[in-house]
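Engineer: File run.cif follows (mmCIF, C-alpha atoms and all ligand atoms; chains and numbers go by the auth columns):
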```
data_run
#
loop_
_atom_site.group_PDB
_atom_site.id
_atom_site.type_symbol
_atom_site.label_atom_id
_atom_site.label_comp_id
_atom_site.label_asym_id
_atom_site.label_seq_id
_atom_site.Cartn_x
_atom_site.Cartn_y
_atom_site.Cartn_z
_atom_site.B_iso_or_equiv
_atom_site.auth_seq_id
_atom_site.auth_asym_id
ATOM 1 C CA MET A 1 36.469 -81.035 64.347 0.00 1 Y
ATOM 2 C CA ASP A 2 34.111 -78.502 62.807 0.00 2 Y
ATOM 3 C CA PRO A 3 35.337 -74.965 63.509 0.00 3 Y
ATOM 4 C CA LYS A 4 32.558 -72.415 63.031 0.00 4 Y
ATOM 5 C CA VAL A 5 34.789 -69.383 62.599 0.00 5 Y
ATOM 6 C CA LEU A 6 36.099 -68.607 59.112 0.00 6 Y
ATOM 7 C CA VAL A 7 38.866 -66.036 59.552 0.00 7 Y
ATOM 8 C CA ALA A 8 38.928 -63.508 56.698 0.00 8 Y
ATOM 9 C CA LEU A 9 42.616 -63.148 55.803 0.00 9 Y
ATOM 10 C CA ASP A 10 42.426 -59.656 54.360 0.00 10 Y
ATOM 11 C CA PHE A 11 46.139 -58.815 54.744 0.00 11 Y
ATOM 12 C CA ALA A 12 47.964 -56.653 52.204 0.00 12 Y
ATOM 13 C CA GLN A 13 51.296 -58.287 53.081 0.00 13 Y
ATOM 14 C CA GLN A 14 51.917 -62.002 52.878 0.00 14 Y
ATOM 15 C CA ASP A 15 54.419 -62.015 55.763 0.00 15 Y
ATOM 16 C CA LYS A 16 51.779 -60.462 58.055 0.00 16 Y
ATOM 17 C CA ALA A 17 49.351 -63.217 57.052 0.00 17 Y
ATOM 18 C CA ASN A 18 52.036 -65.876 57.572 0.00 18 Y
ATOM 19 C CA GLN A 19 52.930 -64.581 61.056 0.00 19 Y
ATOM 20 C CA PHE A 20 49.285 -65.040 62.003 0.00 20 Y
ATOM 21 C CA ILE A 21 48.829 -68.426 60.291 0.00 21 Y
ATOM 22 C CA GLN A 22 52.008 -69.863 61.854 0.00 22 Y
ATOM 23 C CA ARG A 23 50.397 -69.515 65.286 0.00 23 Y
ATOM 24 C CA LEU A 24 47.116 -71.084 64.157 0.00 24 Y
ATOM 25 C CA ASP A 25 45.900 -74.640 64.159 0.00 25 Y
ATOM 26 C CA PRO A 26 43.226 -76.010 61.764 0.00 26 Y
ATOM 27 C CA SER A 27 41.181 -77.093 64.792 0.00 27 Y
ATOM 28 C CA LEU A 28 40.731 -73.412 65.792 0.00 28 Y
ATOM 29 C CA CYS A 29 39.281 -72.014 62.568 0.00 29 Y
ATOM 30 C CA ARG A 30 38.906 -72.268 58.819 0.00 30 Y
ATOM 31 C CA LEU A 31 40.417 -69.592 56.570 0.00 31 Y
ATOM 32 C CA LYS A 32 38.867 -67.312 53.973 0.00 32 Y
ATOM 33 C CA VAL A 33 40.902 -65.886 51.111 0.00 33 Y
ATOM 34 C CA GLY A 34 39.168 -63.009 49.379 0.00 34 Y
ATOM 35 C CA LYS A 35 39.757 -60.592 46.552 0.00 35 Y
ATOM 36 C CA GLU A 36 42.558 -58.629 48.210 0.00 36 Y
ATOM 37 C CA MET A 37 44.888 -61.524 49.048 0.00 37 Y
ATOM 38 C CA PHE A 38 44.026 -63.539 45.936 0.00 38 Y
ATOM 39 C CA THR A 39 44.809 -60.571 43.692 0.00 39 Y
ATOM 40 C CA HIS A 40 48.096 -59.933 45.508 0.00 40 Y
ATOM 41 C CA PHE A 41 49.323 -63.499 45.992 0.00 41 Y
ATOM 42 C CA GLY A 42 47.270 -65.796 43.729 0.00 42 Y
ATOM 43 C CA PRO A 43 46.578 -69.549 43.720 0.00 43 Y
ATOM 44 C CA SER A 44 49.952 -70.502 45.246 0.00 44 Y
ATOM 45 C CA PHE A 45 49.015 -68.701 48.461 0.00 45 Y
ATOM 46 C CA VAL A 46 45.731 -70.664 48.609 0.00 46 Y
ATOM 47 C CA LYS A 47 47.546 -73.949 47.928 0.00 47 Y
ATOM 48 C CA GLY A 48 50.008 -73.198 50.735 0.00 48 Y
ATOM 49 C CA LEU A 49 47.130 -72.934 53.218 0.00 49 Y
ATOM 50 C CA ILE A 50 45.554 -76.181 51.983 0.00 50 Y
ATOM 51 C CA ASP A 51 48.969 -77.901 52.321 0.00 51 Y
ATOM 52 C CA LYS A 52 48.914 -76.830 55.988 0.00 52 Y
ATOM 53 C CA ASN A 53 45.585 -78.706 56.296 0.00 53 Y
ATOM 54 C CA PHE A 54 43.344 -75.658 56.569 0.00 54 Y
ATOM 55 C CA ASP A 55 39.889 -75.722 55.010 0.00 55 Y
ATOM 56 C CA VAL A 56 39.859 -72.714 52.670 0.00 56 Y
ATOM 57 C CA PHE A 57 36.843 -70.681 51.618 0.00 57 Y
ATOM 58 C CA LEU A 58 37.799 -68.998 48.328 0.00 58 Y
ATOM 59 C CA ASP A 59 35.678 -65.845 48.403 0.00 59 Y
ATOM 60 C CA LEU A 60 35.877 -64.409 44.896 0.00 60 Y
ATOM 61 C CA LYS A 61 32.106 -63.863 44.557 0.00 61 Y
ATOM 62 C CA PHE A 62 31.935 -64.910 40.902 0.00 62 Y
ATOM 63 C CA HIS A 63 29.321 -63.011 38.866 0.00 63 Y
ATOM 64 C CA ASP A 64 29.445 -63.466 35.076 0.00 64 Y
ATOM 65 C CA ILE A 65 27.815 -65.424 32.250 0.00 65 Y
ATOM 66 C CA PRO A 66 27.013 -69.053 33.192 0.00 66 Y
ATOM 67 C CA ASN A 67 29.870 -70.648 31.201 0.00 67 Y
ATOM 68 C CA THR A 68 32.522 -68.338 32.679 0.00 68 Y
ATOM 69 C CA VAL A 69 31.303 -68.815 36.246 0.00 69 Y
ATOM 70 C CA ALA A 70 31.089 -72.608 35.868 0.00 70 Y
ATOM 71 C CA LYS A 71 34.694 -72.731 34.576 0.00 71 Y
ATOM 72 C CA ALA A 72 35.903 -70.435 37.358 0.00 72 Y
ATOM 73 C CA CYS A 73 34.243 -72.715 39.955 0.00 73 Y
ATOM 74 C CA LEU A 74 35.987 -75.722 38.378 0.00 74 Y
ATOM 75 C CA ALA A 75 39.305 -73.883 38.678 0.00 75 Y
ATOM 76 C CA ALA A 76 38.565 -73.331 42.384 0.00 76 Y
ATOM 77 C CA ALA A 77 37.778 -77.044 42.782 0.00 77 Y
ATOM 78 C CA ASP A 78 41.107 -77.911 41.123 0.00 78 Y
ATOM 79 C CA LEU A 79 42.869 -75.822 43.784 0.00 79 Y
ATOM 80 C CA GLY A 80 41.246 -78.036 46.419 0.00 80 Y
ATOM 81 C CA VAL A 81 39.255 -75.368 48.261 0.00 81 Y
ATOM 82 C CA TRP A 82 36.544 -76.346 50.763 0.00 82 Y
ATOM 83 C CA MET A 83 34.043 -73.645 49.766 0.00 83 Y
ATOM 84 C CA VAL A 84 33.580 -71.201 46.884 0.00 84 Y
ATOM 85 C CA ASN A 85 30.971 -68.515 46.228 0.00 85 Y
ATOM 86 C CA VAL A 86 29.069 -66.745 43.455 0.00 86 Y
ATOM 87 C CA HIS A 87 26.603 -63.840 43.503 0.00 87 Y
ATOM 88 C CA ALA A 88 22.967 -65.017 43.607 0.00 88 Y
ATOM 89 C CA SER A 89 22.057 -61.949 41.542 0.00 89 Y
ATOM 90 C CA GLY A 90 23.862 -63.637 38.616 0.00 90 Y
ATOM 91 C CA GLY A 91 20.606 -65.594 38.299 0.00 91 Y
ATOM 92 C CA PRO A 92 19.407 -69.214 38.370 0.00 92 Y
ATOM 93 C CA LYS A 93 20.983 -70.284 35.067 0.00 93 Y
ATOM 94 C CA MET A 94 24.391 -69.145 36.245 0.00 94 Y
ATOM 95 C CA MET A 95 24.019 -70.872 39.627 0.00 95 Y
ATOM 96 C CA GLU A 96 22.657 -74.133 38.165 0.00 96 Y
ATOM 97 C CA GLN A 97 25.441 -74.377 35.590 0.00 97 Y
ATOM 98 C CA ALA A 98 28.092 -73.799 38.259 0.00 98 Y
ATOM 99 C CA GLN A 99 26.625 -76.457 40.564 0.00 99 Y
ATOM 100 C CA LEU A 100 26.269 -78.974 37.711 0.00 100 Y
ATOM 101 C CA ALA A 101 29.861 -78.402 36.617 0.00 101 Y
ATOM 102 C CA LEU A 102 31.119 -79.038 40.158 0.00 102 Y
ATOM 103 C CA GLN A 103 28.924 -82.120 40.627 0.00 103 Y
ATOM 104 C CA SER A 104 30.156 -83.712 37.429 0.00 104 Y
ATOM 105 C CA ASN A 105 33.766 -82.961 38.372 0.00 105 Y
ATOM 106 C CA GLY A 106 34.106 -85.898 40.761 0.00 106 Y
ATOM 107 C CA THR A 107 34.732 -86.262 44.447 0.00 107 Y
ATOM 108 C CA ASN A 108 36.517 -83.099 45.553 0.00 108 Y
ATOM 109 C CA LYS A 109 33.433 -80.898 45.166 0.00 109 Y
ATOM 110 C CA PRO A 110 33.689 -77.707 47.197 0.00 110 Y
ATOM 111 C CA LEU A 111 30.572 -76.372 48.890 0.00 111 Y
ATOM 112 C CA LEU A 112 28.989 -73.835 46.538 0.00 112 Y
ATOM 113 C CA ILE A 113 27.202 -70.930 48.152 0.00 113 Y
ATOM 114 C CA ALA A 114 25.729 -67.673 46.846 0.00 114 Y
ATOM 115 C CA VAL A 115 25.987 -64.144 48.220 0.00 115 Y
ATOM 116 C CA THR A 116 22.532 -62.627 48.754 0.00 116 Y
ATOM 117 C CA VAL A 117 22.700 -59.002 49.959 0.00 117 Y
ATOM 118 C CA LEU A 118 26.150 -57.841 51.110 0.00 118 Y
ATOM 119 C CA THR A 119 26.305 -57.200 54.859 0.00 119 Y
ATOM 120 C CA SER A 120 27.608 -53.697 54.121 0.00 120 Y
ATOM 121 C CA MET A 121 24.259 -52.797 52.523 0.00 121 Y
ATOM 122 C CA ASP A 122 21.208 -51.333 54.242 0.00 122 Y
ATOM 123 C CA GLN A 123 17.820 -50.227 52.930 0.00 123 Y
ATOM 124 C CA GLN A 124 19.259 -46.986 51.546 0.00 124 Y
ATOM 125 C CA GLN A 125 21.991 -48.769 49.553 0.00 125 Y
ATOM 126 C CA LEU A 126 19.451 -51.251 48.161 0.00 126 Y
ATOM 127 C CA SER A 127 17.099 -48.441 47.081 0.00 127 Y
ATOM 128 C CA ALA A 128 20.031 -46.739 45.345 0.00 128 Y
ATOM 129 C CA ILE A 129 20.378 -49.748 43.028 0.00 129 Y
ATOM 130 C CA GLY A 130 16.645 -49.827 42.336 0.00 130 Y
ATOM 131 C CA ILE A 131 15.601 -52.517 44.813 0.00 131 Y
ATOM 132 C CA ASN A 132 12.732 -51.314 46.929 0.00 132 Y
ATOM 133 C CA SER A 133 12.275 -54.423 49.080 0.00 133 Y
ATOM 134 C CA THR A 134 13.709 -54.516 52.595 0.00 134 Y
ATOM 135 C CA PRO A 135 17.118 -56.253 52.937 0.00 135 Y
ATOM 136 C CA GLU A 136 15.279 -59.131 54.668 0.00 136 Y
ATOM 137 C CA GLU A 137 12.771 -59.556 51.809 0.00 137 Y
ATOM 138 C CA HIS A 138 15.497 -59.421 49.173 0.00 138 Y
ATOM 139 C CA VAL A 139 17.757 -61.867 51.039 0.00 139 Y
ATOM 140 C CA LEU A 140 14.818 -64.298 51.337 0.00 140 Y
ATOM 141 C CA ARG A 141 14.014 -64.011 47.617 0.00 141 Y
ATOM 142 C CA LEU A 142 17.655 -64.665 46.610 0.00 142 Y
ATOM 143 C CA ALA A 143 18.057 -67.480 49.161 0.00 143 Y
ATOM 144 C CA LYS A 144 14.970 -69.279 47.805 0.00 144 Y
ATOM 145 C CA LEU A 145 16.347 -68.907 44.278 0.00 145 Y
ATOM 146 C CA THR A 146 19.732 -70.261 45.417 0.00 146 Y
ATOM 147 C CA HIS A 147 18.089 -73.249 47.102 0.00 147 Y
ATOM 148 C CA ALA A 148 15.944 -73.977 44.021 0.00 148 Y
ATOM 149 C CA SER A 149 19.134 -73.830 41.907 0.00 149 Y
ATOM 150 C CA GLY A 150 20.570 -76.694 43.971 0.00 150 Y
ATOM 151 C CA LEU A 151 23.389 -74.865 45.783 0.00 151 Y
ATOM 152 C CA ASP A 152 24.539 -75.740 49.290 0.00 152 Y
ATOM 153 C CA GLY A 153 23.778 -72.444 51.004 0.00 153 Y
ATOM 154 C CA VAL A 154 24.082 -68.677 51.056 0.00 154 Y
ATOM 155 C CA VAL A 155 26.083 -65.805 52.460 0.00 155 Y
ATOM 156 C CA CYS A 156 23.727 -63.500 54.351 0.00 156 Y
ATOM 157 C CA SER A 157 23.812 -61.474 57.551 0.00 157 Y
ATOM 158 C CA ALA A 158 23.068 -63.249 60.818 0.00 158 Y
ATOM 159 C CA GLN A 159 20.072 -60.930 61.115 0.00 159 Y
ATOM 160 C CA GLU A 160 18.341 -63.021 58.420 0.00 160 Y
ATOM 161 C CA ALA A 161 19.514 -66.435 59.693 0.00 161 Y
ATOM 162 C CA SER A 162 16.417 -67.497 61.659 0.00 162 Y
ATOM 163 C CA LEU A 163 14.127 -66.366 58.823 0.00 163 Y
ATOM 164 C CA LEU A 164 16.058 -68.430 56.255 0.00 164 Y
ATOM 165 C CA LYS A 165 16.274 -71.533 58.460 0.00 165 Y
ATOM 166 C CA SER A 166 12.476 -71.483 58.827 0.00 166 Y
ATOM 167 C CA LYS A 167 11.439 -70.295 55.333 0.00 167 Y
ATOM 168 C CA VAL A 168 14.066 -71.937 53.092 0.00 168 Y
ATOM 169 C CA ALA A 169 15.377 -75.141 54.698 0.00 169 Y
ATOM 170 C CA ALA A 170 16.801 -76.120 58.071 0.00 170 Y
ATOM 171 C CA ASP A 171 19.764 -77.853 56.391 0.00 171 Y
ATOM 172 C CA PHE A 172 20.611 -74.928 54.080 0.00 172 Y
ATOM 173 C CA THR A 173 24.135 -73.731 55.010 0.00 173 Y
ATOM 174 C CA LEU A 174 24.222 -70.133 56.270 0.00 174 Y
ATOM 175 C CA VAL A 175 27.567 -68.327 56.181 0.00 175 Y
ATOM 176 C CA THR A 176 27.391 -64.982 57.948 0.00 176 Y
ATOM 177 C CA PRO A 177 29.897 -62.113 57.793 0.00 177 Y
ATOM 178 C CA GLY A 178 29.161 -58.824 59.568 0.00 178 Y
ATOM 179 C CA ILE A 179 30.097 -60.416 62.899 0.00 179 Y
ATOM 180 C CA ARG A 180 31.165 -58.005 65.592 0.00 180 Y
ATOM 181 C CA PRO A 181 32.032 -59.113 69.129 0.00 181 Y
ATOM 182 C CA GLU A 182 30.635 -56.743 71.793 0.00 182 Y
ATOM 183 C CA GLY A 183 32.506 -53.430 71.738 0.00 183 Y
ATOM 184 C CA SER A 184 34.375 -53.942 68.436 0.00 184 Y
ATOM 185 C CA ASP A 185 34.369 -51.415 65.627 0.00 185 Y
ATOM 186 C CA LYS A 186 31.533 -51.795 63.099 0.00 186 Y
ATOM 187 C CA GLY A 187 33.635 -50.385 60.219 0.00 187 Y
ATOM 188 C CA ASP A 188 31.779 -50.582 56.902 0.00 188 Y
ATOM 189 C CA GLN A 189 29.442 -53.376 58.040 0.00 189 Y
ATOM 190 C CA MET A 190 25.747 -52.469 58.389 0.00 190 Y
ATOM 191 C CA ARG A 191 23.815 -55.645 59.290 0.00 191 Y
ATOM 192 C CA ILE A 192 25.782 -57.000 62.257 0.00 192 Y
ATOM 193 C CA MET A 193 25.458 -59.411 65.198 0.00 193 Y
ATOM 194 C CA THR A 194 27.779 -60.739 67.906 0.00 194 Y
ATOM 195 C CA PRO A 195 29.178 -64.278 67.472 0.00 195 Y
ATOM 196 C CA LYS A 196 26.821 -65.728 70.098 0.00 196 Y
ATOM 197 C CA GLN A 197 23.750 -63.952 68.695 0.00 197 Y
ATOM 198 C CA ALA A 198 24.633 -65.250 65.225 0.00 198 Y
ATOM 199 C CA ILE A 199 24.984 -68.882 66.343 0.00 199 Y
ATOM 200 C CA ASP A 200 21.771 -68.632 68.396 0.00 200 Y
ATOM 201 C CA ALA A 201 19.981 -67.249 65.300 0.00 201 Y
ATOM 202 C CA GLY A 202 21.045 -70.277 63.211 0.00 202 Y
ATOM 203 C CA SER A 203 24.285 -69.267 61.464 0.00 203 Y
ATOM 204 C CA ASP A 204 26.381 -72.306 60.525 0.00 204 Y
ATOM 205 C CA TYR A 205 29.646 -70.420 59.934 0.00 205 Y
ATOM 206 C CA LEU A 206 30.817 -66.983 61.074 0.00 206 Y
ATOM 207 C CA VAL A 207 33.111 -64.978 58.776 0.00 207 Y
ATOM 208 C CA ILE A 208 35.248 -62.709 60.955 0.00 208 Y
ATOM 209 C CA GLY A 209 38.100 -60.536 59.720 0.00 209 Y
ATOM 210 C CA ARG A 210 39.231 -57.293 61.334 0.00 210 Y
ATOM 211 C CA PRO A 211 37.980 -57.996 64.878 0.00 211 Y
ATOM 212 C CA ILE A 212 40.499 -60.889 64.906 0.00 212 Y
ATOM 213 C CA THR A 213 43.252 -59.868 62.478 0.00 213 Y
ATOM 214 C CA GLN A 214 43.574 -56.317 63.809 0.00 214 Y
ATOM 215 C CA SER A 215 43.326 -57.307 67.454 0.00 215 Y
ATOM 216 C CA SER A 216 46.454 -56.790 69.593 0.00 216 Y
ATOM 217 C CA ASN A 217 46.331 -60.539 70.344 0.00 217 Y
ATOM 218 C CA PRO A 218 44.586 -62.225 67.373 0.00 218 Y
ATOM 219 C CA ILE A 219 44.958 -65.817 68.609 0.00 219 Y
ATOM 220 C CA GLN A 220 43.517 -65.002 72.044 0.00 220 Y
ATOM 221 C CA THR A 221 40.641 -63.091 70.402 0.00 221 Y
ATOM 222 C CA LEU A 222 39.880 -66.129 68.233 0.00 222 Y
ATOM 223 C CA ILE A 223 40.016 -68.446 71.273 0.00 223 Y
ATOM 224 C CA ASP A 224 37.687 -66.092 73.191 0.00 224 Y
ATOM 225 C CA ILE A 225 35.220 -66.043 70.284 0.00 225 Y
ATOM 226 C CA ASN A 226 35.317 -69.856 70.061 0.00 226 Y
ATOM 227 C CA GLN A 227 34.621 -70.037 73.817 0.00 227 Y
ATOM 228 C CA SER A 228 31.675 -67.646 73.487 0.00 228 Y
ATOM 229 C CA ILE A 229 29.902 -69.918 70.986 0.00 229 Y
ATOM 230 C CA LEU A 230 30.472 -73.302 72.664 0.00 230 Y
HETATM 231 O O1 LIG B . 31.326 -63.248 50.946 0.00 301 Y
HETATM 232 C C1 LIG B . 31.826 -62.726 51.956 0.00 301 Y
HETATM 233 O O2 LIG B . 32.664 -63.329 52.621 0.00 301 Y
HETATM 234 C C2 LIG B . 31.278 -61.434 52.423 0.00 301 Y
HETATM 235 C C3 LIG B . 29.955 -61.174 52.085 0.00 301 Y
HETATM 236 C C4 LIG B . 29.268 -60.113 52.693 0.00 301 Y
HETATM 237 O O3 LIG B . 28.071 -59.900 52.466 0.00 301 Y
HETATM 238 N N1 LIG B . 29.957 -59.318 53.562 0.00 301 Y
HETATM 239 C C5 LIG B . 31.277 -59.501 53.868 0.00 301 Y
HETATM 240 O O4 LIG B . 31.818 -58.755 54.698 0.00 301 Y
HETATM 241 N N2 LIG B . 31.960 -60.544 53.259 0.00 301 Y
HETATM 242 C C6 LIG B . 33.413 -60.710 53.517 0.00 301 Y
HETATM 243 O O5 LIG B . 33.593 -61.009 54.895 0.00 301 Y
HETATM 244 C C7 LIG B . 34.744 -60.358 55.429 0.00 301 Y
HETATM 245 C C8 LIG B . 34.320 -59.506 56.603 0.00 301 Y
HETATM 246 O O6 LIG B . 35.446 -58.930 57.192 0.00 301 Y
HETATM 247 P P1 LIG B . 35.360 -58.030 58.502 0.00 301 Y
HETATM 248 O O7 LIG B . 34.330 -56.961 58.254 0.00 301 Y
HETATM 249 O O8 LIG B . 36.747 -57.480 58.607 0.00 301 Y
HETATM 250 O O9 LIG B . 34.967 -58.938 59.636 0.00 301 Y
HETATM 251 C C9 LIG B . 35.382 -59.570 54.283 0.00 301 Y
HETATM 252 O O10 LIG B . 36.456 -60.348 53.771 0.00 301 Y
HETATM 253 C C10 LIG B . 34.285 -59.466 53.239 0.00 301 Y
HETATM 254 O O11 LIG B . 34.795 -59.507 51.922 0.00 301 Y
#
```
For the file at hand, write its structure as structure tokens.
Structural biologist:
Amino acid sequence: MDPKVLVALDFAQQDKANQFIQRLDPSLCRLKVGKEMFTHFGPSFVKGLIDKNFDVFLDLKFHDIPNTVAKACLAAADLGVWMVNVHASGGPKMMEQAQLALQSNGTNKPLLIAVTVLTSMDQQQLSAIGINSTPEEHVLRLAKLTHASGLDGVVCSAQEASLLKSKVAADFTLVTPGIRPEGSDKGDQMRIMTPKQAIDAGSDYLVIGRPITQSSNPIQTLIDINQSIL
């Protein structure tokens, strides 16, 4: 059982999230808890999902001094999450210290991955923060740095997946948001692909939120997506 879809639970109300989760089964998907739900409902919400046997990706995108990030990653490990992330732009010292802290923490080490360039960013947004490389070039630079820092993988868009599998490492875990099934609303995402395109390009896990959670039949949409990537 290795579900590829990580459903982004970005609900503002816990009962809405629970209505959805009650109809789910851990064989259908893994779950991602991000800044919105964690800020509203905290660690107890995450623990509740783990108690229901879901693998949880705690997406808090830590970005701070090395000591603070390492301690925050240890707190995530204590919760029992399956995956946790930091921002690669926090630099190699920050990433190395976080990975070392998790490795020396014993057996329940979550996967540690780093966000490269957010999937909501395009060339224009990158230039606005003073980065004049293309999104692809910058993702590759940050992914190589992440790999050299000993982490398990990166968050990138599926548009960069084949490049990273060939230029970084074939076994480097690629987690790709910005997934949009044919015909669904792009919203604020810029670098997008369909679920099948993403898997064909080399994505290991697909982060999908609104196309599932705001669908009129979320469970059927999830089942259809799973079918499309068999
Ligand atoms: O780290 C993430 O999960 C993430 C990184 C990124 O570059 N882009 C991105 O969209 N995400 C998250 O992935 C989810 C995408 O949600 P939808 O756009 O609704 O499918 C959101 O919860 C984002 O916070």
Engineer: Box for ligand LIG 301 (chain Y) - axis-aligned, 4 Å on each of the six sides, all listed atoms - centre and size in Å to one decimal, as JSON.
Structural biologist:
```
{"center_x": 32.4, "center_y": -60.1, "center_z": 55.3, "size_x": 16.7, "size_y": 14.4, "size_z": 16.7}
```
Engineer: For ligand LIG 301 (chain Y), which residue among Y:Asp15, Y:Asp200, Y:Glu96, Y:Asp59 is the nearest when counting all atoms listed in the file?
Structural biologist: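 Smallest separation from ligand LIG 301 (chain Y) among the options: Y:Asp59.
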Engineer: In terms of the shortest atom-to-atom distance over all atoms listed in the file, which of Y:Ala169, Y:Lys186, Y:Asn226, Y:Ser216 is closest to Gly202 (chain Y)?
Structural biologist: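 Of the candidates, the smallest distance to Gly202 (chain Y) is held by Y:Ala169.
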Engineer: Give me the result of the PyMOL selection byres (((chain Y and resi 128-145) around 9) and not hetatm) on this file, residue by residue, as an MDAnalysis selection string.
Structural biologist: chainID Y and resid 88:89 91:92 114:117 121:127 146:150 153:157 159:160 163:164 167:168
Engineer: Distance limit 8 Å, reference ligand LIG 301 (chain Y), atoms considered: all atoms listed in the file. Which residues make the cut? Give them as a CSV table (one decimal) with C-alpha atoms, in the frame of the given file.
Structural biologist:
```
chain,number,residue,atom,x,y,z
Y,8,ALA,CA,38.9,-63.5,56.7
Y,9,LEU,CA,42.6,-63.1,55.8
Y,10,ASP,CA,42.4,-59.7,54.4
Y,32,LYS,CA,38.9,-67.3,54.0
Y,33,VAL,CA,40.9,-65.9,51.1
Y,34,GLY,CA,39.2,-63.0,49.4
Y,35,LYS,CA,39.8,-60.6,46.6
Y,59,ASP,CA,35.7,-65.8,48.4
Y,60,LEU,CA,35.9,-64.4,44.9
Y,61,LYS,CA,32.1,-63.9,44.6
Y,85,ASN,CA,31.0,-68.5,46.2
Y,115,VAL,CA,26.0,-64.1,48.2
Y,116,THR,CA,22.5,-62.6,48.8
Y,117,VAL,CA,22.7,-59.0,50.0
Y,118,LEU,CA,26.2,-57.8,51.1
Y,119,THR,CA,26.3,-57.2,54.9
Y,120,SER,CA,27.6,-53.7,54.1
Y,155,VAL,CA,26.1,-65.8,52.5
Y,156,CYS,CA,23.7,-63.5,54.4
Y,157,SER,CA,23.8,-61.5,57.6
Y,175,VAL,CA,27.6,-68.3,56.2
Y,176,THR,CA,27.4,-65.0,57.9
Y,177,PRO,CA,29.9,-62.1,57.8
Y,178,GLY,CA,29.2,-58.8,59.6
Y,179,ILE,CA,30.1,-60.4,62.9
Y,180,ARG,CA,31.2,-58.0,65.6
Y,186,LYS,CA,31.5,-51.8,63.1
Y,187,GLY,CA,33.6,-50.4,60.2
Y,188,ASP,CA,31.8,-50.6,56.9
Y,189,GLN,CA,29.4,-53.4,58.0
Y,207,VAL,CA,33.1,-65.0,58.8
Y,208,ILE,CA,35.2,-62.7,61.0
Y,209,GLY,CA,38.1,-60.5,59.7
Y,210,ARG,CA,39.2,-57.3,61.3
Y,211,PRO,CA,38.0,-58.0,64.9
Y,212,ILE,CA,40.5,-60.9,64.9
Y,213,THR,CA,43.3,-59.9,62.5
```
Engineer: Set the distance at 7 Å and use all atoms listed in the file: which residues neighbour Pro110 (chain Y) once local chain neighbours fewer than 4 positions away are removed? I'd like the list as a list in words.
Structural biologist: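 Near Pro110 (chain Y), the qualifying residues are Ala77, Val81, Trp82, Met83 and Val84 of chain Y.
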Engineer: Counting only C-alpha atoms, figure out which residue out of Y:Thr68, Y:Gln19, Y:Gln14, Y:Thr107 gets nearest to Gly42 (chain Y).
Structural biologist: Y:Gln14
Engineer: Could you tell me which of Y:Ile219, Y:Ile229, Y:Val46, Y:Met190 comes closest to Gln22 (chain Y) if we count all atoms listed in the file?
Structural biologist: Y:Ile219
Engineer: If you apply the PyMOL selection byres (((chain Y and resi 97) around 10) and not hetatm) to this file, what residues do you get, as a PyMOL selection string?
Structural biologist: chain Y and resi 65-71+73+92-96+98-103+149-150
Engineer: Between CA of Glu182 (chain Y) and CA of Lys4 (chain Y), what is the distance in Å, rounded to a tenth?
Structural biologist: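 Separation of CA of Glu182 (chain Y) and CA of Lys4 (chain Y): 18.1 Å.
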Engineer: In Å to one decimal, how far is CA of Asp55 (chain Y) from CA of Asp185 (chain Y)?
Structural biologist: 27.1 Å
Engineer: Excluding Leu31 (chain Y) and any residue of its chain fewer than 2 positions from it, enumerate the residues within 6 Å of it, using only C-alpha atoms, and give them as number ranges by chain.
Structural biologist: Y: 6-7, 56
Engineer: Determine the nearest neighbour of Asp51 (chain Y) from the options Y:Asp152, Y:Leu79, Y:Lys109, Y:Leu74, counting all atoms listed in the file.
Structural biologist: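 The closest residue to Asp51 (chain Y) is Y:Leu79.
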Engineer: Check the smallest atom-to-atom distance from each of Y:Leu174, Y:His63, Y:Thr39, Y:Ala76 to Tyr205 (chain Y) using only C-alpha atoms, then report the winner.
Structural biologist: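 Closest to Tyr205 (chain Y) of all the choices is Y:Leu174.
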Engineer: Kindly give the distance, in Å, that separates CA of Asp25 (chain Y) and CA of Gln227 (chain Y), rounded to a single decimal.
Structural biologist: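 Interatomic distance, CA of Asp25 (chain Y) to CA of Gln227 (chain Y): 15.5 Å.
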Engineer: If you count only C-alpha atoms, which residues fall within 12 Å of Leu230 (chain Y), apart from same-chain ones fewer than 2 positions away, as an MDAnalysis selection string?
Structural biologist: chainID Y and resid 2:5 195:196 199:200 223:228
